[in-house]
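Asks: Sharing a structure here in structure tokens format.
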Amino acid sequence: QLQLVESGGGLVQPGGSLRLSCAASGFNLDGFDIGWFRQAPGKEREGLSCITNNDGKKIYADSIKGRFAIFKDAAKNTVYLQMNSLEPEDTGVYSCAVGPGALFKLCVLQDLKYQYWGQGTQVTVSS
């Protein structure tokens, strides 16, 4: 059974850091575009970052560029989102997702391009 499970969320003070994990089971992450998304209260889901399946190139949304980093551990079949310098505006439910991607094209931060989703993990940034 194909499954994505996020973990690592929690309550953190502004300026703090968290590392989110997205563990895949039932399939291999290689060959898929992998994305991290966030949904803040009362707002639409926002694409944050993704890794392209064929060449590992990474895309970041302007809102998190320079503060967040996405990386994959192929041996653990897990993707991570390292989040530094967290701000209250980063509060939300964070989800990972995978999709087939497009041949020879970079991954995109559009949720409709991703078919399989984890259940999400809550991140709250507050003092």
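We name chains A, B, ... following the order of the structure tokens; residues begin at 1 in each chain, and ligands are numbered from 1 as shown.
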Name the residues in contact with region 16-25 of chain A at a cut-off of 6 Å, using only C-alpha atoms, excluding same-chain residues fewer than 3 positions from it; report them as a list in words.

Replies: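 Residues near the query, excluding close chain neighbours: Leu2, Gln3, Leu4, Val5, Glu6, Ser7, Gly8, Gln13, Asn77, Thr78, Val79, Tyr80, Leu81, Gln82, Met83, Asn84, Ser85 and Leu86 of chain A.
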
Asks: Just list the residues in region 18-112 of chain A DSSP gives strand (DSSP E) on the backbone, as JSON, numbers by chain.

Replies: {"A": [18, 19, 20, 21, 22, 23, 24, 25, 33, 34, 35, 36, 37, 38, 39, 46, 47, 48, 49, 50, 51, 58, 59, 60, 68, 69, 70, 71, 72, 73, 78, 79, 80, 81, 82, 83, 92, 93, 94, 95, 96, 97, 98, 99]}

Asks: Just give me the gap between CA of Arg67 (chain A) and CA of Leu103 (chain A) in Å, one decimal is fine.

Replies: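 Separation of CA of Arg67 (chain A) and CA of Leu103 (chain A): 28.9 Å.
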
Asks: Please provide as a list of chain:residue names all residues within 9 Å of region 39-47 of chain A, with the sequence filter that same-chain residues fewer than 4 positions apart are discarded (counting only C-alpha atoms).

Replies: A:Gly35, A:Tyr60, A:Ala61, A:Glu89, A:Asp90, A:Thr91, A:Gly92, A:Val93, A:Tyr94, A:Ser95, A:Val108, A:Leu109, A:Gln110, A:Asp111

Asks: Dump all heavy atoms for the selected residues as a CSV table (one decimal), in the first residue's frame?

Replies:
chain,number,residue,atom,x,y,z
A,35,GLY,N,7.0,17.0,-3.4
A,35,GLY,CA,6.7,18.4,-3.0
A,35,GLY,C,6.3,18.5,-1.6
A,35,GLY,O,5.8,17.6,-1.0
A,60,TYR,N,12.1,26.4,-4.9
A,60,TYR,CA,11.6,27.0,-3.7
A,60,TYR,C,10.7,28.2,-3.9
A,60,TYR,O,10.9,29.0,-4.8
A,60,TYR,CB,12.8,27.5,-2.8
A,60,TYR,CG,13.7,26.4,-2.3
A,60,TYR,CD1,14.8,26.1,-3.0
A,60,TYR,CD2,13.3,25.7,-1.2
A,60,TYR,CE1,15.7,25.1,-2.6
A,60,TYR,CE2,14.2,24.7,-0.7
A,60,TYR,CZ,15.3,24.4,-1.4
A,60,TYR,OH,16.1,23.3,-1.0
A,61,ALA,N,9.6,28.3,-3.1
A,61,ALA,CA,8.8,29.5,-3.2
A,61,ALA,C,9.5,30.7,-2.6
A,61,ALA,O,10.3,30.5,-1.7
A,61,ALA,CB,7.5,29.2,-2.4
A,89,GLU,N,4.1,33.6,10.5
A,89,GLU,CA,3.4,33.3,9.2
A,89,GLU,C,3.7,32.0,8.6
A,89,GLU,O,3.0,31.6,7.7
A,89,GLU,CB,3.9,34.4,8.2
A,89,GLU,CG,3.5,35.8,8.5
A,89,GLU,CD,4.2,36.4,9.7
A,89,GLU,OE1,5.4,36.0,9.9
A,89,GLU,OE2,3.7,37.4,10.3
A,90,ASP,N,4.6,31.2,9.2
A,90,ASP,CA,4.9,29.9,8.7
A,90,ASP,C,4.0,28.8,9.4
A,90,ASP,O,4.0,27.7,9.0
A,90,ASP,CB,6.4,29.5,9.0
A,90,ASP,CG,7.4,30.3,8.2
A,90,ASP,OD1,7.1,30.5,7.0
A,90,ASP,OD2,8.4,30.7,8.8
A,91,THR,N,3.1,29.3,10.3
A,91,THR,CA,2.2,28.4,10.9
A,91,THR,C,1.2,27.8,9.9
A,91,THR,O,0.7,28.5,9.0
A,91,THR,CB,1.4,29.1,12.0
A,91,THR,OG1,2.3,29.5,13.1
A,91,THR,CG2,0.3,28.3,12.6
A,92,GLY,N,1.0,26.5,10.1
A,92,GLY,CA,0.1,25.8,9.2
A,92,GLY,C,0.3,24.3,9.2
A,92,GLY,O,1.1,23.8,10.0
A,93,VAL,N,-0.5,23.6,8.4
A,93,VAL,CA,-0.4,22.2,8.2
A,93,VAL,C,0.5,21.9,7.0
A,93,VAL,O,0.2,22.4,5.9
A,93,VAL,CB,-1.7,21.5,8.1
A,93,VAL,CG1,-1.5,20.0,7.8
A,93,VAL,CG2,-2.6,21.7,9.3
A,94,TYR,N,1.6,21.2,7.3
A,94,TYR,CA,2.6,20.9,6.2
A,94,TYR,C,2.4,19.5,5.7
A,94,TYR,O,2.3,18.5,6.5
A,94,TYR,CB,4.0,21.0,6.8
A,94,TYR,CG,4.4,22.5,7.0
A,94,TYR,CD1,3.8,23.3,7.9
A,94,TYR,CD2,5.4,23.1,6.2
A,94,TYR,CE1,4.1,24.6,8.1
A,94,TYR,CE2,5.8,24.4,6.3
A,94,TYR,CZ,5.1,25.1,7.3
A,94,TYR,OH,5.5,26.5,7.4
A,95,SER,N,2.3,19.3,4.4
A,95,SER,CA,2.1,18.0,3.8
A,95,SER,C,3.1,17.8,2.7
A,95,SER,O,3.5,18.7,2.0
A,95,SER,CB,0.7,18.0,3.2
A,95,SER,OG,-0.3,18.2,4.1
A,108,VAL,N,7.1,21.4,-10.2
A,108,VAL,CA,6.3,22.6,-10.1
A,108,VAL,C,5.6,22.6,-8.7
A,108,VAL,O,5.4,21.6,-8.1
A,108,VAL,CB,5.3,22.8,-11.2
A,108,VAL,CG1,6.0,23.0,-12.5
A,108,VAL,CG2,4.4,21.6,-11.3
A,109,LEU,N,5.3,23.8,-8.3
A,109,LEU,CA,4.7,24.0,-7.0
A,109,LEU,C,3.1,24.1,-7.1
A,109,LEU,O,2.5,24.9,-6.4
A,109,LEU,CB,5.3,25.2,-6.2
A,109,LEU,CG,6.8,25.1,-6.0
A,109,LEU,CD1,7.3,26.4,-5.3
A,109,LEU,CD2,7.1,23.9,-5.1
A,110,GLN,N,2.6,23.3,-7.9
A,110,GLN,CA,1.1,23.3,-8.2
A,110,GLN,C,0.6,22.0,-7.6
A,110,GLN,O,0.9,20.9,-8.1
A,110,GLN,CB,0.8,23.4,-9.6
A,110,GLN,CG,1.3,24.6,-10.3
A,110,GLN,CD,1.2,24.6,-11.8
A,110,GLN,OE1,0.6,23.7,-12.4
A,110,GLN,NE2,1.9,25.5,-12.5
A,111,ASP,N,-0.3,22.1,-6.7
A,111,ASP,CA,-0.8,20.9,-6.0
A,111,ASP,C,-1.5,19.9,-6.9
A,111,ASP,O,-1.5,18.7,-6.7
A,111,ASP,CB,-1.7,21.2,-4.8
A,111,ASP,CG,-2.8,22.1,-5.1
A,111,ASP,OD1,-3.0,22.4,-6.2
A,111,ASP,OD2,-3.5,22.5,-4.1

Asks: Write out as a PyMOL selection string the residues lying within 8 Å of Gln115 (chain A), counting only C-alpha atoms and excluding same-chain residues fewer than 5 positions away.

Replies: chain A and resi 97-99

Asks: Quote the spacing between CA of Phe104 (chain A) and CA of Asn28 (chain A) in Å to one decimal place.

Replies: 19.5 Å

Asks: What is the CA of Pro100 (chain A) to CA of Asp33 (chain A) distance in Å?

Replies: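 Distance reported for this atom pair: 6.0 Å.
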
Asks: Write out as an MDAnalysis selection string the residues lying within 8 Å of Pro14 (chain A), counting only C-alpha atoms and excluding same-chain residues fewer than 5 positions away.

Replies: chainID A and resid 85:88 125:127

Asks: Compare A:Ile51, A:Cys107, A:Val123, A:Cys96 by their minimum atom-to-atom distance to Phe71 (chain A), counting only C-alpha atoms, and give me the closest one.

Replies: A:Ile51

Asks: For Val12 (chain A), which of A:Asn53, A:Thr124, A:Gln119, A:Ser63 is the closest residue, counting only C-alpha atoms?

Replies: A:Thr124

Asks: Please return, as a VMD selection string, all residues of chain A that DSSP assigns to helix (DSSP H, G or I) on the basis of the backbone.

Replies: chain A and resid 74 to 76 88 to 90 111 to 113

Asks: Identify which of the residues A:Leu48, A:Leu11, A:Ile59, A:Ala74 lies closest to Lys105 (chain A), counting only C-alpha atoms when measuring atom-to-atom distances.

Replies: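 Distance minimum relative to Lys105 (chain A) lands on A:Ile59.
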